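Heads up, target_14.cif below (mmCIF, C-alpha atoms):
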```cif
data_entry
#
loop_
_atom_site.label_atom_id
_atom_site.label_comp_id
_atom_site.auth_asym_id
_atom_site.auth_seq_id
_atom_site.Cartn_x
_atom_site.Cartn_y
_atom_site.Cartn_z
CA MET G 3 -29.72 4.44 -23.87
CA LYS G 4 -32.43 2.18 -25.25
CA LYS G 5 -34.71 4.91 -26.58
CA SER G 6 -31.94 6.87 -28.28
CA LYS G 7 -30.72 3.86 -30.31
CA MET G 8 -27.25 5.34 -29.92
CA THR G 9 -24.12 3.19 -29.94
CA TYR G 10 -21.85 3.51 -26.92
CA GLU G 11 -18.29 2.39 -26.35
CA LEU G 12 -18.38 -0.29 -23.66
CA PHE G 13 -15.61 1.50 -21.75
CA GLU G 14 -17.66 4.72 -21.77
CA VAL G 15 -20.65 2.88 -20.29
CA ALA G 16 -18.32 1.49 -17.62
CA ARG G 17 -16.95 4.98 -16.86
CA LEU G 18 -20.50 6.32 -16.65
CA ILE G 19 -21.26 3.75 -13.96
CA LEU G 20 -17.96 4.35 -12.16
CA ASP G 21 -18.55 8.11 -12.12
CA LYS G 22 -21.00 7.94 -9.21
CA GLU G 23 -20.52 5.54 -6.32
CA ASP G 24 -24.24 5.03 -5.73
CA ARG G 25 -24.36 3.31 -9.13
CA LEU G 26 -21.85 0.69 -8.07
CA SER G 27 -22.13 -2.82 -6.73
CA ILE G 28 -18.72 -3.60 -5.22
CA VAL G 29 -17.37 -7.11 -4.62
CA ILE G 30 -14.37 -7.62 -2.32
CA ARG G 31 -12.38 -10.70 -1.36
CA HIS G 32 -8.99 -11.54 0.15
CA LEU G 33 -6.20 -11.77 -2.41
CA ASP G 34 -5.12 -15.10 -0.96
CA ALA G 35 -8.65 -16.52 -0.63
CA ASP G 36 -7.86 -19.26 -3.16
CA VAL G 37 -5.08 -20.72 -1.01
CA ARG G 38 -6.44 -19.86 2.44
CA PRO G 39 -9.91 -21.24 3.20
CA ASP G 40 -9.90 -19.26 6.46
CA ALA G 41 -9.42 -15.91 4.66
CA LEU G 42 -12.96 -14.71 5.38
CA LEU G 43 -14.50 -11.26 5.46
CA ALA G 44 -17.32 -10.12 7.73
CA VAL G 45 -20.50 -8.23 6.94
CA SER G 46 -22.78 -6.36 9.32
CA LEU G 47 -26.20 -7.85 8.59
CA PRO G 48 -28.35 -4.89 9.69
CA ASP G 49 -26.85 -2.58 7.04
CA GLY G 50 -24.50 -4.56 4.78
CA HIS G 51 -21.27 -2.82 5.81
CA PRO G 52 -18.16 -4.96 5.11
CA PHE G 53 -15.30 -5.50 7.57
CA LEU G 54 -12.01 -7.35 7.67
CA THR G 55 -12.87 -9.12 10.94
CA GLU G 56 -15.90 -10.38 12.82
CA ALA G 57 -14.99 -8.28 15.86
CA GLU G 58 -15.07 -5.07 13.80
CA ALA G 59 -18.46 -5.95 12.36
CA VAL G 60 -19.91 -6.72 15.81
CA SER G 61 -18.55 -3.44 17.23
CA HIS G 62 -20.17 -1.61 14.32
CA VAL G 63 -23.54 -3.22 15.05
CA MET G 64 -23.20 -2.39 18.75
CA SER G 65 -22.51 1.28 18.02
CA ARG G 66 -25.04 1.80 15.19
CA HIS G 67 -27.86 -0.71 15.66
CA LEU G 68 -28.15 -1.48 19.36
CA ASP G 69 -31.78 -0.28 19.32
CA LYS G 70 -32.69 -3.06 16.89
CA PHE G 71 -31.88 -5.68 19.52
CA PHE G 72 -32.41 -4.03 22.93
CA ASP G 73 -34.60 -1.61 24.82
CA VAL G 74 -32.35 0.51 27.03
CA VAL G 75 -33.72 0.87 30.57
CA GLU G 76 -32.38 3.38 33.10
CA VAL G 77 -32.22 1.87 36.58
CA GLU G 78 -31.63 3.80 39.80
CA VAL G 79 -28.63 2.59 41.79
CA GLU G 80 -26.65 3.80 44.76
CA ALA G 81 -24.11 6.45 43.81
CA PRO G 82 -20.40 5.71 44.52
CA LYS G 83 -19.20 6.52 48.01
CA GLY G 84 -15.77 7.78 48.97
CA SER G 85 -13.39 10.54 48.01
CA PHE G 86 -12.33 10.89 44.38
CA LEU G 87 -9.57 13.24 43.21
CA MET G 88 -10.32 13.28 39.47
CA VAL G 89 -12.62 12.01 36.73
CA ALA G 90 -11.86 11.11 33.13
CA LYS G 91 -13.56 13.01 30.31
CA CYS G 92 -13.87 11.91 26.68
CA ARG G 93 -12.56 14.73 24.48
CA GLU G 94 -14.68 13.51 21.57
CA THR G 95 -18.11 13.43 23.26
CA GLY G 96 -17.52 15.49 26.40
CA LYS G 97 -18.95 12.72 28.59
CA LEU G 98 -17.55 12.13 32.09
CA LEU G 99 -16.47 8.50 32.32
CA GLY G 100 -15.63 8.21 35.99
CA ALA G 101 -12.81 8.17 38.51
CA PRO G 102 -9.86 5.90 37.63
CA THR G 103 -9.95 4.51 41.18
CA HIS G 104 -13.58 3.38 40.99
CA HIS G 105 -14.25 -0.30 40.27
CA SER G 106 -16.59 0.51 37.34
CA TYR G 107 -14.02 2.66 35.52
CA GLN G 108 -12.71 0.07 33.05
CA ARG G 109 -16.21 -1.16 32.28
CA ASN G 110 -17.40 2.43 31.64
CA LEU G 111 -14.47 3.04 29.30
CA ARG G 112 -15.19 -0.06 27.24
CA GLU G 113 -18.90 0.64 27.09
CA HIS G 114 -18.37 4.24 25.99
CA HIS G 115 -15.73 3.19 23.46
CA ALA G 116 -18.00 0.50 21.98
CA ARG G 117 -20.96 2.84 21.63
CA HIS G 118 -19.33 6.11 20.61
CA CYS G 119 -15.77 5.55 19.34
CA PRO G 120 -15.59 2.00 17.89
CA ASN G 121 -13.41 3.09 14.97
CA VAL G 122 -10.62 4.31 17.27
CA PRO G 123 -8.24 1.70 18.74
CA PHE G 124 -9.06 1.29 22.44
CA ASP G 125 -5.54 2.17 23.66
CA ARG G 126 -5.56 5.38 21.61
CA PHE G 127 -9.02 6.24 22.92
CA LYS G 128 -7.91 5.62 26.49
CA GLY G 129 -4.70 7.63 26.06
CA GLY G 130 -6.68 10.60 24.75
CA LEU G 131 -8.89 10.98 27.82
CA GLU G 132 -8.73 14.24 29.77
CA MET G 133 -8.39 14.06 33.57
CA ILE G 134 -10.53 16.69 35.33
CA ARG G 135 -9.84 17.65 38.98
CA GLU G 136 -12.54 20.31 39.49
CA GLN G 137 -14.97 19.30 42.25
CA GLU G 138 -17.94 20.44 40.15
CA SER G 139 -17.13 17.81 37.49
CA ILE G 140 -16.53 15.13 40.13
CA ASP G 141 -19.93 15.91 41.69
CA ALA G 142 -21.60 15.79 38.25
CA TRP G 143 -20.13 12.35 37.65
CA LEU G 144 -21.31 11.11 41.07
CA LYS G 145 -24.82 12.29 40.26
CA SER G 146 -24.77 10.55 36.87
CA MET G 147 -23.75 7.32 38.58
CA SER G 148 -27.07 7.21 40.46
CA THR G 149 -28.56 5.59 37.36
CA ARG G 150 -27.36 2.70 35.21
CA SER G 151 -28.27 1.59 31.70
CA GLU G 152 -29.50 -1.96 31.39
CA TYR G 153 -30.36 -3.75 28.17
CA ALA G 154 -33.63 -5.67 27.73
CA PRO G 155 -33.51 -8.01 24.70
CA LYS G 156 -36.21 -7.51 22.10
CA ASP G 157 -38.14 -10.57 20.91
CA ARG G 158 -36.91 -12.39 24.00
CA LYS G 159 -37.33 -16.16 23.94
CA GLU G 160 -37.78 -18.54 26.82
CA GLY G 161 -34.53 -19.22 28.62
CA GLU G 162 -32.92 -15.92 27.58
CA PRO G 163 -32.02 -13.29 30.24
CA GLU G 164 -34.49 -10.49 30.84
CA ARG G 165 -31.85 -7.80 31.39
CA LEU G 166 -28.13 -7.33 30.70
CA GLU G 167 -26.32 -5.03 33.13
CA SER G 168 -23.50 -3.85 30.87
CA ILE G 169 -22.61 -3.31 27.22
CA ASP G 170 -20.16 -6.21 27.41
CA ALA G 171 -22.97 -8.47 28.59
CA ALA G 172 -25.18 -7.20 25.76
CA ARG G 173 -22.44 -7.97 23.25
CA GLY G 174 -22.07 -11.48 24.67
CA PHE G 175 -25.83 -11.96 24.42
CA LEU G 176 -25.84 -11.01 20.73
CA LEU G 177 -23.03 -13.43 19.92
CA ALA G 178 -24.72 -16.21 21.87
CA PHE G 179 -28.37 -15.71 20.82
CA ARG G 180 -28.60 -13.34 17.83
CA LYS G 181 -25.39 -13.90 15.88
CA ASP G 182 -27.28 -14.92 12.73
CA GLN G 183 -28.84 -11.44 12.73
CA VAL G 184 -25.63 -9.55 13.55
CA VAL G 185 -22.72 -10.79 11.45
CA LYS G 186 -21.90 -13.21 8.65
CA LEU G 187 -18.50 -14.48 7.51
CA HIS G 188 -17.91 -15.19 3.84
CA PRO G 189 -14.99 -15.51 1.38
CA TRP G 190 -16.35 -12.54 -0.58
CA ILE G 191 -18.80 -9.73 0.08
CA ARG G 192 -20.92 -7.64 -2.26
CA PHE G 193 -22.04 -4.23 -0.99
CA ALA G 194 -23.67 -1.12 -2.41
CA GLY G 195 -21.31 1.59 -3.60
CA ARG G 196 -23.22 4.21 -1.60
CA LEU G 197 -21.76 2.62 1.56
CA LEU G 198 -18.18 3.31 0.48
CA GLU G 199 -18.20 6.82 1.93
CA GLU G 200 -19.31 5.41 5.30
CA LEU G 201 -16.60 2.74 5.60
CA ASN G 202 -14.19 3.13 8.48
CA PRO G 203 -10.79 4.58 7.55
CA GLY G 204 -8.31 1.77 7.11
CA PRO G 205 -6.91 -0.82 4.71
CA LEU G 206 -10.28 -2.10 3.46
CA ARG G 207 -11.56 1.31 2.38
CA ASP G 208 -8.12 2.29 1.02
CA SER G 209 -7.96 -0.88 -1.08
CA VAL G 210 -11.41 -0.32 -2.56
CA ARG G 211 -10.61 3.33 -3.29
CA PHE G 212 -7.36 2.35 -4.99
CA ALA G 213 -9.09 -0.23 -7.17
CA LEU G 214 -11.89 2.21 -8.01
CA GLU G 215 -9.49 4.94 -9.15
CA ASN G 216 -7.61 2.42 -11.31
CA GLN G 217 -10.88 1.37 -12.93
CA ARG G 218 -11.80 4.97 -13.64
CA VAL G 219 -8.57 5.29 -15.60
CA PHE G 220 -8.82 1.93 -17.42
CA PRO G 221 -12.17 0.20 -16.70
CA LEU G 222 -11.40 -3.22 -18.16
CA GLU G 223 -12.70 -5.29 -15.23
CA THR G 224 -15.84 -3.16 -14.93
CA ALA G 225 -16.49 -3.41 -18.66
CA ASN G 226 -16.14 -7.20 -18.55
CA GLY G 227 -18.36 -7.31 -15.48
CA ILE G 228 -21.27 -5.47 -17.14
CA ARG G 229 -21.24 -7.40 -20.43
CA GLY G 230 -23.67 -10.03 -19.20
CA ARG G 231 -25.93 -7.46 -17.53
CA LEU G 232 -26.14 -5.41 -20.72
CA ARG G 233 -27.08 -8.54 -22.65
CA LYS G 234 -29.86 -9.30 -20.15
CA GLU G 235 -31.13 -5.73 -20.50
CA GLY G 236 -31.50 -6.21 -24.26
CA PHE G 237 -28.31 -4.57 -25.49
CA HIS G 238 -26.17 -6.00 -28.28
CA LEU G 239 -22.38 -5.96 -28.05
CA TYR G 240 -19.90 -6.15 -30.87
CA LYS G 241 -16.34 -5.25 -31.73
CA LYS G 242 -15.35 -2.89 -34.48
CA GLY G 243 -12.69 -5.05 -36.07
CA SER G 244 -11.38 -8.32 -34.67
CA LYS G 245 -9.37 -6.56 -31.92
CA GLY G 246 -11.05 -3.17 -31.96
CA ILE G 247 -13.24 -1.21 -29.56
CA THR G 248 -16.28 -2.97 -28.10
CA TYR G 249 -19.60 -1.18 -28.56
CA ALA G 250 -23.05 -1.61 -27.03
CA CYS G 251 -26.37 -0.63 -28.58
CA SER G 252 -30.03 -1.43 -28.03
CA VAL G 253 -30.26 -2.15 -31.75
CA ARG G 254 -28.62 -5.29 -33.15
CA ARG G 255 -25.79 -4.43 -35.50
CA ARG G 256 -26.48 -5.42 -39.10
CA CYS G 257 -23.62 -5.62 -41.52
CA ARG G 258 -24.27 -5.09 -45.23
CA ASP G 259 -24.44 -8.41 -46.96
CA PRO G 260 -22.60 -8.26 -50.30
CA LYS G 261 -25.74 -9.60 -52.00
CA ALA G 262 -28.10 -7.05 -50.44
CA THR G 263 -29.36 -3.99 -52.33
CA PHE G 264 -30.52 -0.60 -51.02
CA SER G 265 -32.33 2.36 -52.51
CA ASP G 266 -30.24 4.91 -54.40
CA SER G 267 -30.53 7.48 -51.58
CA MET G 268 -29.43 4.93 -48.95
CA ALA G 269 -26.58 3.76 -51.16
CA LYS G 270 -25.39 7.38 -51.33
CA ILE G 271 -25.39 7.55 -47.52
CA PHE G 272 -23.29 4.39 -47.30
CA ASP G 273 -20.94 5.67 -49.99
CA ALA G 274 -20.45 8.97 -48.13
CA LEU G 275 -19.65 7.20 -44.86
CA ASP G 276 -17.40 4.62 -46.50
CA ARG G 277 -15.35 7.38 -48.11
CA LYS G 278 -15.27 9.52 -44.96
CA PRO G 279 -16.34 7.87 -41.68
CA ALA G 280 -17.25 9.78 -38.52
CA GLN G 281 -19.33 12.42 -40.29
CA HIS G 282 -22.29 14.09 -38.58
CA ALA G 283 -25.83 13.92 -39.91
CA LYS G 284 -25.79 17.51 -41.14
CA ASP G 285 -22.65 16.78 -43.17
CA ILE G 286 -24.31 13.77 -44.79
CA VAL G 287 -27.40 15.83 -45.63
CA LEU G 288 -25.34 18.59 -47.21
CA SER G 289 -23.18 16.20 -49.21
CA ILE G 290 -26.18 14.32 -50.62
CA ALA G 291 -28.97 16.91 -50.85
CA GLY G 292 -26.75 19.95 -51.36
CA GLU G 293 -26.75 23.29 -49.58
CA GLN G 294 -29.44 24.78 -51.85
CA ALA G 295 -31.79 21.81 -51.56
CA GLU G 296 -35.34 22.27 -50.39
CA ASP G 297 -36.34 21.18 -46.90
CA ALA G 298 -38.22 18.17 -48.28
CA ALA G 299 -35.03 16.79 -49.85
CA LYS G 300 -33.06 17.26 -46.63
CA THR G 301 -35.87 15.66 -44.62
CA ALA G 302 -35.83 12.65 -46.94
CA VAL G 303 -32.09 12.11 -46.31
CA LEU G 304 -32.62 12.41 -42.55
CA ALA G 305 -35.48 9.90 -42.75
CA ASP G 306 -33.22 7.42 -44.56
CA LEU G 307 -30.51 7.98 -41.95
CA SER G 308 -32.96 7.43 -39.12
CA PHE G 309 -34.18 4.20 -40.73
CA LEU G 310 -30.65 2.85 -41.22
CA ILE G 311 -29.71 3.72 -37.62
CA GLY G 312 -32.87 2.04 -36.30
CA GLU G 313 -32.15 -1.07 -38.35
CA GLY G 314 -28.55 -1.27 -37.11
CA TYR G 315 -26.81 -0.56 -40.43
CA ILE G 316 -25.33 2.70 -39.14
CA ALA G 317 -23.92 3.39 -35.67
CA ASN G 318 -24.85 6.76 -34.14
CA LEU G 319 -22.40 7.68 -31.38
CA PRO G 320 -23.32 10.05 -28.51
CA ASP G 321 -21.15 12.85 -29.94
CA GLY G 322 -23.10 12.69 -33.22
CA ARG G 323 -20.52 10.84 -35.32
CA LEU G 324 -21.89 8.25 -37.71
CA PHE G 325 -20.26 5.00 -38.85
CA ALA G 326 -21.55 2.58 -41.46
CA GLN G 327 -21.31 -1.06 -40.47
CA PRO G 328 -18.94 -3.07 -42.70
CA ILE G 329 -19.84 -5.25 -45.68
CA LEU G 330 -19.86 -8.76 -44.28
CA SER G 331 -21.55 -11.98 -45.24
CA SER G 332 -24.28 -13.27 -42.96
CA GLN G 333 -22.14 -16.30 -42.05
CA ALA G 334 -19.16 -14.11 -41.10
CA GLN G 335 -21.38 -11.82 -39.01
CA ALA G 336 -22.91 -14.81 -37.20
CA LYS G 337 -19.42 -16.08 -36.42
CA GLU G 338 -18.41 -12.70 -34.96
CA GLU G 339 -21.56 -12.53 -32.83
CA ALA G 340 -20.95 -16.04 -31.49
CA ALA G 341 -17.42 -15.02 -30.46
CA ASN G 342 -18.84 -11.96 -28.67
CA ASP G 343 -21.41 -14.14 -26.89
CA ASP G 344 -18.62 -16.46 -25.71
CA ALA G 345 -16.64 -13.47 -24.37
CA THR G 346 -19.73 -12.31 -22.49
CA GLU G 347 -20.24 -15.71 -20.87
CA GLU G 348 -16.59 -15.86 -19.76
CA SER G 349 -16.85 -12.44 -18.07
CA LYS G 350 -19.93 -13.24 -15.96
#
```
Could you express the structure from this file as C-alpha cells?
Amino acid sequence: MKKSKMTYELFEVARLILDKEDRLSIVIRHLDADVRPDALLAVSLPDGHPFLTEAEAVSHVMSRHLDKFFDVVEVEVEAPKGSFLMVAKCRETGKLLGAPTHHSYQRNLREHHARHCPNVPFDRFKGGLEMIREQESIDAWLKSMSTRSEYAPKDRKEGEPERLESIDAARGFLLAFRKDQVVKLHPWIRFAGRLLEELNPGPLRDSVRFALENQRVFPLETANGIRGRLRKEGFHLYKKGSKGITYACSVRRRCRDPKATFSDSMAKIFDALDRKPAQHAKDIVLSIAGEQAEDAAKTAVLADLSFLIGEGYIANLPDGRLFAQPILSSQAQAKEEAANDDATEESK
C-alpha cells in the first residue's frame, strides 16, 4: 500500500483486514460491563484463549497444557478386587473408565472428562457412556487399574506437595499455587483472530462470529478502529467532501491552491479530470496526446501523471480510476485535516 502510492477507501482497507481471521485482533467485553463491575471474562494464560468463566478457562488449561505444569508419573498399585458385572466405556475416546460399583469410578469419570472432553457438559458426557458386559473388557480394565497416574509439579517450591494423586488434586494445586500462570480475569480481553476457529462452540464464539459477519457487511467499527493505526504507519486520511467517503493513502493529499500554477501539460490533466472524473491513465493519455501521438509524447503525459500522483494532487484508486483533488485554499485544507485528525483521536 505504501509503495504503490494508491488511494484506498477506508472501508475497503477494513474489509481487507476482515477477510482473513489471522489478520484480526479481536476485543470482547460484556455488554453490561459498564453497570456491573463483576462482569468479568477469563483468559487462559498459556495460549490466550478467552472464556466466559474462570472454570472454563481452567478446564481448558487442564486439558491442553497440563504438561506445562506437571510431569505425569505412572505408579504401580494393587488392582481392584471383587466381581464386577460391567465397565463404562467412553464412546468418544474408546477408553474403559471402570465399573460403576468401584469406589474410583466417579473420580475416573471426572479426570477423563477434564482431560479429554472438557467442552461437553459433564452430565451429557456421563449419559453418553457405553456399558460393556463382556468379560474381556472387564479384565482389560482390571489390568489397566494396576497403574495410576500421579502428577509431579514442575518448578516445585519448598512447602509444595511432591505428587498429586488425581486430576482433581492437580487442578486444586494449580488454583492454589500457579493461578497467576493459568488464568486471568478482566473486564475485556483482546485475542488473536487466528484463535477464533479454536474457540469452544457456545455463546462466546457465536457472538464474535455474529459481530464479525456484521462488520464484513458494514465495517464502520473496524474502520474507526484502524484510523489511528494507519496514522501511526504513515498513512494520511481524508474525506472526499464534508460527509463523503474516507480515503487512506501513503501520500498526503494536496489540494490545488487557487493561487498555484502548473505547467500547461499538467493543467490539461487537471482539466480532463475536472470535466470527467474517474478516468483511467490510458484515457488521459489519449485525450491529451492523441491516438496518433508518438511514444515520447505519451510517455511525457504518463510522467506528469506519475508526478502528480506522487505529490498527492491526484488520487489513484486500486481499480485504476483517477481523481483530481479539489481546488481549496491552504487554510481550508488545513481545517479539513485538523477535523480528520480529531476524528482519528476519538476512534482510538
Can you work out which one of G:Ile134, G:Val60, G:Ala213, G:Ala142 has the shortest atom-to-atom distance to G:Arg117, counting only C-alpha atoms?
->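 Under the stated criterion, the closest residue is G:Val60.
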With the PyMOL selection byres ((chain G and resi 270-286) around 9) as the selection, what would be picked from this file? Answer as a short mmCIF file (atom, residue, chain, number, x, y, z; two decimals) with C-alpha atoms, keeping the file's coordinate frame, please.
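result_15.cif was written with the following content:
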```cif
data_model
loop_
_atom_site.label_atom_id
_atom_site.label_comp_id
_atom_site.auth_asym_id
_atom_site.auth_seq_id
_atom_site.Cartn_x
_atom_site.Cartn_y
_atom_site.Cartn_z
CA SER G 265 -32.33 2.36 -52.51
CA ASP G 266 -30.24 4.91 -54.40
CA SER G 267 -30.53 7.48 -51.58
CA MET G 268 -29.43 4.93 -48.95
CA ALA G 269 -26.58 3.76 -51.16
CA VAL G 287 -27.40 15.83 -45.63
CA LEU G 288 -25.34 18.59 -47.21
CA SER G 289 -23.18 16.20 -49.21
CA ILE G 290 -26.18 14.32 -50.62
CA ALA G 291 -28.97 16.91 -50.85
CA VAL G 303 -32.09 12.11 -46.31
CA LEU G 304 -32.62 12.41 -42.55
CA ASP G 306 -33.22 7.42 -44.56
CA LEU G 307 -30.51 7.98 -41.95
CA ILE G 316 -25.33 2.70 -39.14
CA ASN G 318 -24.85 6.76 -34.14
CA ASP G 321 -21.15 12.85 -29.94
CA GLY G 322 -23.10 12.69 -33.22
CA ARG G 323 -20.52 10.84 -35.32
CA LEU G 324 -21.89 8.25 -37.71
CA PHE G 325 -20.26 5.00 -38.85
CA ALA G 326 -21.55 2.58 -41.46
CA GLN G 327 -21.31 -1.06 -40.47
CA PRO G 328 -18.94 -3.07 -42.70
#
```
Name the residues that the PyMOL selection byres ((chain G and resi 33) around 12) pulls out of this structure, and write them as a ChimeraX atom specification.
-> /G:30-32,34-39,41-43,189-190,209
Emit the selected residues as a PDB file, in the frame of the given file, including C-alpha atoms.
```
ATOM      1  CA  ILE G  30     -14.370  -7.620  -2.320  1.00  0.00           C
ATOM      2  CA  ARG G  31     -12.380 -10.700  -1.360  1.00  0.00           C
ATOM      3  CA  HIS G  32      -8.990 -11.540   0.150  1.00  0.00           C
ATOM      4  CA  ASP G  34      -5.120 -15.100  -0.960  1.00  0.00           C
ATOM      5  CA  ALA G  35      -8.650 -16.520  -0.630  1.00  0.00           C
ATOM      6  CA  ASP G  36      -7.860 -19.260  -3.160  1.00  0.00           C
ATOM      7  CA  VAL G  37      -5.080 -20.720  -1.010  1.00  0.00           C
ATOM      8  CA  ARG G  38      -6.440 -19.860   2.440  1.00  0.00           C
ATOM      9  CA  PRO G  39      -9.910 -21.240   3.200  1.00  0.00           C
ATOM     10  CA  ALA G  41      -9.420 -15.910   4.660  1.00  0.00           C
ATOM     11  CA  LEU G  42     -12.960 -14.710   5.380  1.00  0.00           C
ATOM     12  CA  LEU G  43     -14.500 -11.260   5.460  1.00  0.00           C
ATOM     13  CA  PRO G 189     -14.990 -15.510   1.380  1.00  0.00           C
ATOM     14  CA  TRP G 190     -16.350 -12.540  -0.580  1.00  0.00           C
ATOM     15  CA  SER G 209      -7.960  -0.880  -1.080  1.00  0.00           C
TER      16      SER G 209
END
```
Check what the PyMOL selection byres ((chain G and resi 44) around 9) selects in the file above and give those residues as an MDAnalysis selection string.
-> chainID G and resid 42:43 45:46 51:59 185:191
Within 12 Å of stretch 221-233 of chain G using all atoms listed in the file, minus same-chain residues under 2 positions, as number ranges by chain = G: 3-4, 10-21, 26-29, 213-219, 235-240, 247-254, 342-350
When you draw a straight line from atom CA of G:Phe264 to atom CA of G:Asp297, how long is it in Å?
->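 According to the coordinates, atom CA of G:Phe264 and atom CA of G:Asp297 are separated by 22.9 Å.
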Mind checking which residues fall within 12 Å of stretch 157-170 of chain G, counting all atoms listed in the file, ignoring those fewer than 6 positions away in the same chain, and posting them as a PyMOL selection string?
-> chain G and resi 60-61+64-65+68+70-77+79+106+108-118+149-151+176-180
G:Arg207, G:His62, G:Lys128, G:Lys7: which is nearest G:Lys91, counting all atoms listed in the file?
->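 Closest to G:Lys91, using all atoms listed in the file: G:Lys128.
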Would you please work out which residue, of G:Asn121, G:Glu313, G:Gln183, G:Gly84, is nearest to G:Glu200 when using all atoms listed in the file?
->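 Looking at the shortest contact to G:Glu200, the residue is G:Asn121.
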Computed gap from atom CA of G:Pro120 to atom CA of G:Glu136 is 28.5 Å
How far is it from atom CA of G:Leu47 to atom CA of G:Asp182, in Å with one decimal?
->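 About the pair atom CA of G:Leu47 and atom CA of G:Asp182: they are 8.3 Å apart.
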All residues 6 Å or closer to G:Val89, only C-alpha atoms, same chain fewer than 4 positions away omitted, as a ChimeraX atom specification | /G:100-101,133-134
